[in-house]
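Here's the structure we're looking at; comments come further down.
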Amino acid sequence: MRQLQISFALLFMLFSAQTLFAATATIISPRGGFTSQRVQEIKGRVDGYAGKRATLVLNGIPQTIPLQNGEFSINAVVAPGNNLVELSAGDARDRVSFFAKVPGRDVKVVLTWDTPTDVDLWVIDPKGAKCYYAERATPSGGNLDVDVTTGFGPETFTMGKALPGNYSVQTQYYSSGSAPVTRVNVYLVLYEGTPKEQRKQFQFVMTAPSQVYHICDFSIDPDE
């Protein structure tokens, strides 16, 4: 009987220790509510976690985020209406929803990647104008809203009123650093937050520094 009591005590102590030192993930900002900022800073921290990276999901689009002393901060373009931010690191989880009163965008292209390298997003519109880090706004209303040079992304292109015609999405492996192989994800979101919203995902592996890679083409129907 005494051995059984000791066993129960040990189990209780082990369970208490695991609970006490369990990892926690916290989204610090935004904390819900309302915003009128289209480019939102998302900040958070992870405690009690040995890993150096976590996963952040904004409105269904995931990306890797590096942790510096358990903390992170990125800029991301939010959607009109309800937005959901989800953070995970190991078994630790947090999620926050908020409402954004921001103008809608007919076209959104989001680029993420999995290494601390400099990858650039290029979007060429039907008139041949290229939107990228050196020309962040085009005459037809395209904008590179977020440019990231330190890895992982997200780099984000948006266009308020889509120009009918064919678009090309490309990426440049601007600087590979010490990562010879980088995997990129491109998410195409058309008419976000509306009943005719469309989403597509494209994946690619880059291996050559300074090389420009064609990721996908898409078109906007003049009747849409």
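Scheme for the structure tokens: letters A, B, ... for chains in order shown; per-chain residue numbers from 1; ligand numbers from 1 in order shown.
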
Would you list the contacts of Ser210 (chain A) as an mmCIF file with N, CA and C atoms, in the first residue's frame, taking every protein, DNA or RNA residue within 7 Å and counting only C-alpha atoms, but skipping same-chain residues closer than 5 positions in sequence?
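Saved result, part31.cif, follows:
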```cif
data_model
loop_
_atom_site.group_PDB
_atom_site.id
_atom_site.type_symbol
_atom_site.label_atom_id
_atom_site.label_comp_id
_atom_site.auth_asym_id
_atom_site.auth_seq_id
_atom_site.Cartn_x
_atom_site.Cartn_y
_atom_site.Cartn_z
ATOM 1 N N GLN A 172 13.205 35.920 -57.158
ATOM 2 C CA GLN A 172 14.654 35.970 -57.349
ATOM 3 C C GLN A 172 15.339 35.543 -56.057
ATOM 4 N N TYR A 173 16.275 34.599 -56.206
ATOM 5 C CA TYR A 173 17.069 34.156 -55.064
ATOM 6 C C TYR A 173 18.186 35.185 -54.885
ATOM 7 N N TYR A 174 17.827 36.337 -54.320
ATOM 8 C CA TYR A 174 18.722 37.493 -54.323
ATOM 9 C C TYR A 174 20.032 37.194 -53.606
ATOM 10 N N SER A 175 19.943 36.580 -52.439
ATOM 11 C CA SER A 175 21.151 36.221 -51.700
ATOM 12 C C SER A 175 20.888 34.949 -50.918
#
```

Identify all residues of region 65-217 of chain A in strand (DSSP E) (DSSP on the backbone) and supply them as a PyMOL selection string.
-> chain A and resi 65-66+71-77+81-89+92-100+107-113+118-124+130-131+142-146+155-159+165-175+182-190+198-206+212-217

Test item: residues at most 9 Å from Gly177 (chain A), only C-alpha atoms, excluding those fewer than 4 positions along its chain, as a PDB file with C-alpha atoms, in the first residue's frame:
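The resulting file, part-v7.pdb, is shown below:
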```
ATOM      1  CA  PRO A 116      17.218  33.133 -43.398  1.00  0.00           C
ATOM      2  CA  THR A 117      18.006  34.364 -46.917  1.00  0.00           C
ATOM      3  CA  ASP A 118      16.938  37.229 -49.157  1.00  0.00           C
ATOM      4  CA  PRO A 209      21.901  32.467 -56.105  1.00  0.00           C
TER       5      PRO A 209
END
```

If we count only C-alpha atoms, what is near region 203-208 of chain A at a cut-off of 10 Å, once residues fewer than 2 positions away on the same chain are taken out, given as a PyMOL selection string?
-> chain A and resi 111-113+119+171-176+179-187+201+210-216

Those same residues - N, CA and C atoms - I'd like them written as a compact mmCIF listing (two decimals), in the first residue's frame.
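part_36.txt written:
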```txt
# COMPACT_ATOMS: atom_id res chain seq x y z
N LEU A 111 4.48 35.64 -50.65
CA LEU A 111 5.65 34.78 -50.79
C LEU A 111 6.24 34.49 -49.41
N THR A 112 6.44 33.20 -49.09
CA THR A 112 7.16 32.80 -47.88
C THR A 112 8.23 31.79 -48.26
N TRP A 113 9.26 31.64 -47.41
CA TRP A 113 10.31 30.67 -47.67
C TRP A 113 10.88 30.17 -46.35
N VAL A 119 15.02 36.58 -50.45
CA VAL A 119 14.27 36.17 -51.64
C VAL A 119 13.33 37.30 -52.01
N THR A 171 10.20 34.78 -58.68
CA THR A 171 11.00 35.04 -57.47
C THR A 171 12.47 35.08 -57.86
N GLN A 172 13.21 35.92 -57.16
CA GLN A 172 14.65 35.97 -57.35
C GLN A 172 15.34 35.54 -56.06
N TYR A 173 16.27 34.60 -56.21
CA TYR A 173 17.07 34.16 -55.06
C TYR A 173 18.19 35.19 -54.89
N TYR A 174 17.83 36.34 -54.32
CA TYR A 174 18.72 37.49 -54.32
C TYR A 174 20.03 37.19 -53.61
N SER A 175 19.94 36.58 -52.44
CA SER A 175 21.15 36.22 -51.70
C SER A 175 20.89 34.95 -50.92
N SER A 176 21.66 33.90 -51.23
CA SER A 176 21.42 32.61 -50.59
C SER A 176 22.12 32.47 -49.25
N ALA A 179 22.61 29.11 -47.14
CA ALA A 179 21.55 28.14 -47.43
C ALA A 179 21.46 27.91 -48.93
N PRO A 180 22.14 26.88 -49.45
CA PRO A 180 22.14 26.66 -50.91
C PRO A 180 20.79 26.22 -51.46
N VAL A 181 19.92 25.69 -50.60
CA VAL A 181 18.61 25.24 -51.04
C VAL A 181 17.53 25.95 -50.22
N THR A 182 16.61 26.60 -50.91
CA THR A 182 15.51 27.29 -50.24
C THR A 182 14.19 26.91 -50.90
N ARG A 183 13.23 26.54 -50.07
CA ARG A 183 11.90 26.17 -50.56
C ARG A 183 10.96 27.36 -50.40
N VAL A 184 10.31 27.72 -51.48
CA VAL A 184 9.40 28.86 -51.44
C VAL A 184 7.96 28.39 -51.62
N ASN A 185 7.06 29.14 -51.02
CA ASN A 185 5.63 28.97 -51.22
C ASN A 185 5.04 30.29 -51.69
N VAL A 186 4.26 30.24 -52.73
CA VAL A 186 3.56 31.43 -53.22
C VAL A 186 2.06 31.16 -53.11
N TYR A 187 1.37 32.08 -52.46
CA TYR A 187 -0.07 31.97 -52.29
C TYR A 187 -0.74 33.09 -53.09
N GLN A 201 -2.04 27.74 -54.32
CA GLN A 201 -0.71 27.67 -53.73
C GLN A 201 0.26 27.05 -54.72
N SER A 210 21.03 34.47 -57.12
CA SER A 210 20.77 35.53 -58.12
C SER A 210 19.85 35.08 -59.24
N GLN A 211 19.51 33.80 -59.28
CA GLN A 211 18.65 33.29 -60.35
C GLN A 211 17.21 33.77 -60.16
N VAL A 212 16.54 34.07 -61.28
CA VAL A 212 15.12 34.42 -61.27
C VAL A 212 14.33 33.19 -61.71
N TYR A 213 13.32 32.83 -60.93
CA TYR A 213 12.51 31.64 -61.21
C TYR A 213 11.07 32.05 -61.52
N HIS A 214 10.53 31.46 -62.56
CA HIS A 214 9.13 31.68 -62.89
C HIS A 214 8.29 30.73 -62.05
N ILE A 215 7.35 31.26 -61.29
CA ILE A 215 6.55 30.44 -60.37
C ILE A 215 5.18 30.09 -60.97
N CYS A 216 4.49 31.09 -61.50
CA CYS A 216 3.17 30.81 -62.05
C CYS A 216 2.70 32.00 -62.90
```

Quick one: residues within 6 Å of region 66-82 of chain A, only C-alpha atoms counted, chain neighbours fewer than 2 positions away excluded, as a PyMOL selection string?
-> chain A and resi 38-46+52-53+98-102+104

Would you save the residues from that selection as a compact mmCIF listing (two decimals), in the first residue's frame, using N, CA and C atoms?
```txt
# COMPACT_ATOMS: atom_id res chain seq x y z
N ARG A 38 -3.91 48.44 -42.74
CA ARG A 38 -3.89 47.34 -43.70
C ARG A 38 -2.64 46.48 -43.55
N VAL A 39 -1.51 47.11 -43.22
CA VAL A 39 -0.30 46.36 -42.91
C VAL A 39 -0.17 46.31 -41.39
N GLN A 40 -0.32 45.12 -40.85
CA GLN A 40 -0.39 44.94 -39.41
C GLN A 40 0.89 44.30 -38.88
N GLU A 41 1.43 44.87 -37.80
CA GLU A 41 2.56 44.22 -37.13
C GLU A 41 2.01 43.12 -36.22
N ILE A 42 2.54 41.91 -36.41
CA ILE A 42 2.14 40.78 -35.58
C ILE A 42 3.33 40.41 -34.71
N LYS A 43 3.15 40.49 -33.39
CA LYS A 43 4.22 40.22 -32.44
C LYS A 43 3.80 39.13 -31.47
N GLY A 44 4.77 38.40 -30.98
CA GLY A 44 4.45 37.37 -30.01
C GLY A 44 5.70 36.82 -29.37
N ARG A 45 5.51 35.84 -28.48
CA ARG A 45 6.63 35.19 -27.85
C ARG A 45 6.27 33.75 -27.51
N VAL A 46 7.31 32.94 -27.39
CA VAL A 46 7.15 31.55 -27.00
C VAL A 46 8.09 31.29 -25.83
N LYS A 52 14.02 26.98 -32.34
CA LYS A 52 14.36 28.33 -32.77
C LYS A 52 13.36 28.90 -33.78
N ARG A 53 12.35 28.08 -34.14
CA ARG A 53 11.35 28.54 -35.10
C ARG A 53 9.96 28.12 -34.64
N PHE A 98 -9.50 39.28 -35.12
CA PHE A 98 -9.76 40.72 -35.07
C PHE A 98 -10.46 41.14 -36.35
N PHE A 99 -11.07 42.31 -36.31
CA PHE A 99 -11.78 42.84 -37.48
C PHE A 99 -10.98 43.99 -38.06
N ALA A 100 -10.80 43.97 -39.39
CA ALA A 100 -10.05 45.03 -40.07
C ALA A 100 -10.96 45.80 -41.01
N LYS A 101 -11.08 47.09 -40.77
CA LYS A 101 -11.81 47.96 -41.68
C LYS A 101 -10.79 48.56 -42.65
N VAL A 102 -10.51 47.80 -43.71
CA VAL A 102 -9.50 48.19 -44.69
C VAL A 102 -10.06 47.97 -46.09
N GLY A 104 -10.65 46.54 -49.73
CA GLY A 104 -10.43 45.24 -50.33
C GLY A 104 -9.39 45.30 -51.43
```

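When only C-alpha atoms are used to measure the gap to Ile27 (chain A), the shortest distance among A:Glu155, A:Tyr191, A:Asp94, A:Ser88 belongs to A:Asp94.
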
re CA of Gly160 (chain A) and CA of Thr138 (chain A): distance 11.7 Å

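Take CA of Thr156 (chain A) and CA of Val96 (chain A): the distance between them is 21.3 Å.
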
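Among the candidates A:Val110, A:Ala22, A:Ile124, A:Ile28, the residue lying nearest to Ile61 (chain A) is A:Val110 (atoms considered: only C-alpha atoms).
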
Glu192 (chain A) surroundings by only C-alpha atoms, 8 Å radius, close-in-sequence under 3 positions cut, as an mmCIF file with C-alpha atoms, in the first residue's frame:
```
data_model
loop_
_atom_site.group_PDB
_atom_site.id
_atom_site.type_symbol
_atom_site.label_atom_id
_atom_site.label_comp_id
_atom_site.auth_asym_id
_atom_site.auth_seq_id
_atom_site.Cartn_x
_atom_site.Cartn_y
_atom_site.Cartn_z
ATOM 1 C CA ALA A 79 -7.870 41.063 -45.131
ATOM 2 C CA PRO A 80 -10.991 43.225 -45.011
ATOM 3 C CA GLY A 104 -10.433 45.237 -50.327
ATOM 4 C CA ARG A 105 -7.821 44.045 -52.812
ATOM 5 C CA ASP A 106 -8.661 42.159 -56.003
ATOM 6 C CA VAL A 107 -5.197 40.576 -56.094
ATOM 7 C CA LYS A 108 -2.912 39.444 -53.293
ATOM 8 C CA VAL A 189 -5.554 35.129 -53.349
ATOM 9 C CA LYS A 196 -15.884 35.078 -55.217
ATOM 10 C CA GLU A 197 -12.600 34.639 -53.346
ATOM 11 C CA GLN A 198 -10.160 32.222 -55.015
#
```

Given the choices A:Thr55, A:Asp114, A:Trp122, A:Leu163, which gets closest to Ser140 (chain A) if the distance is worked out from only C-alpha atoms?
-> A:Leu163

Pick from A:Val169, A:Val146, A:Val85, A:Ile65, whichever lies nearest to Ala129 (chain A) using only C-alpha atoms |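 The answer is A:Val169, which sits nearest to Ala129 (chain A).
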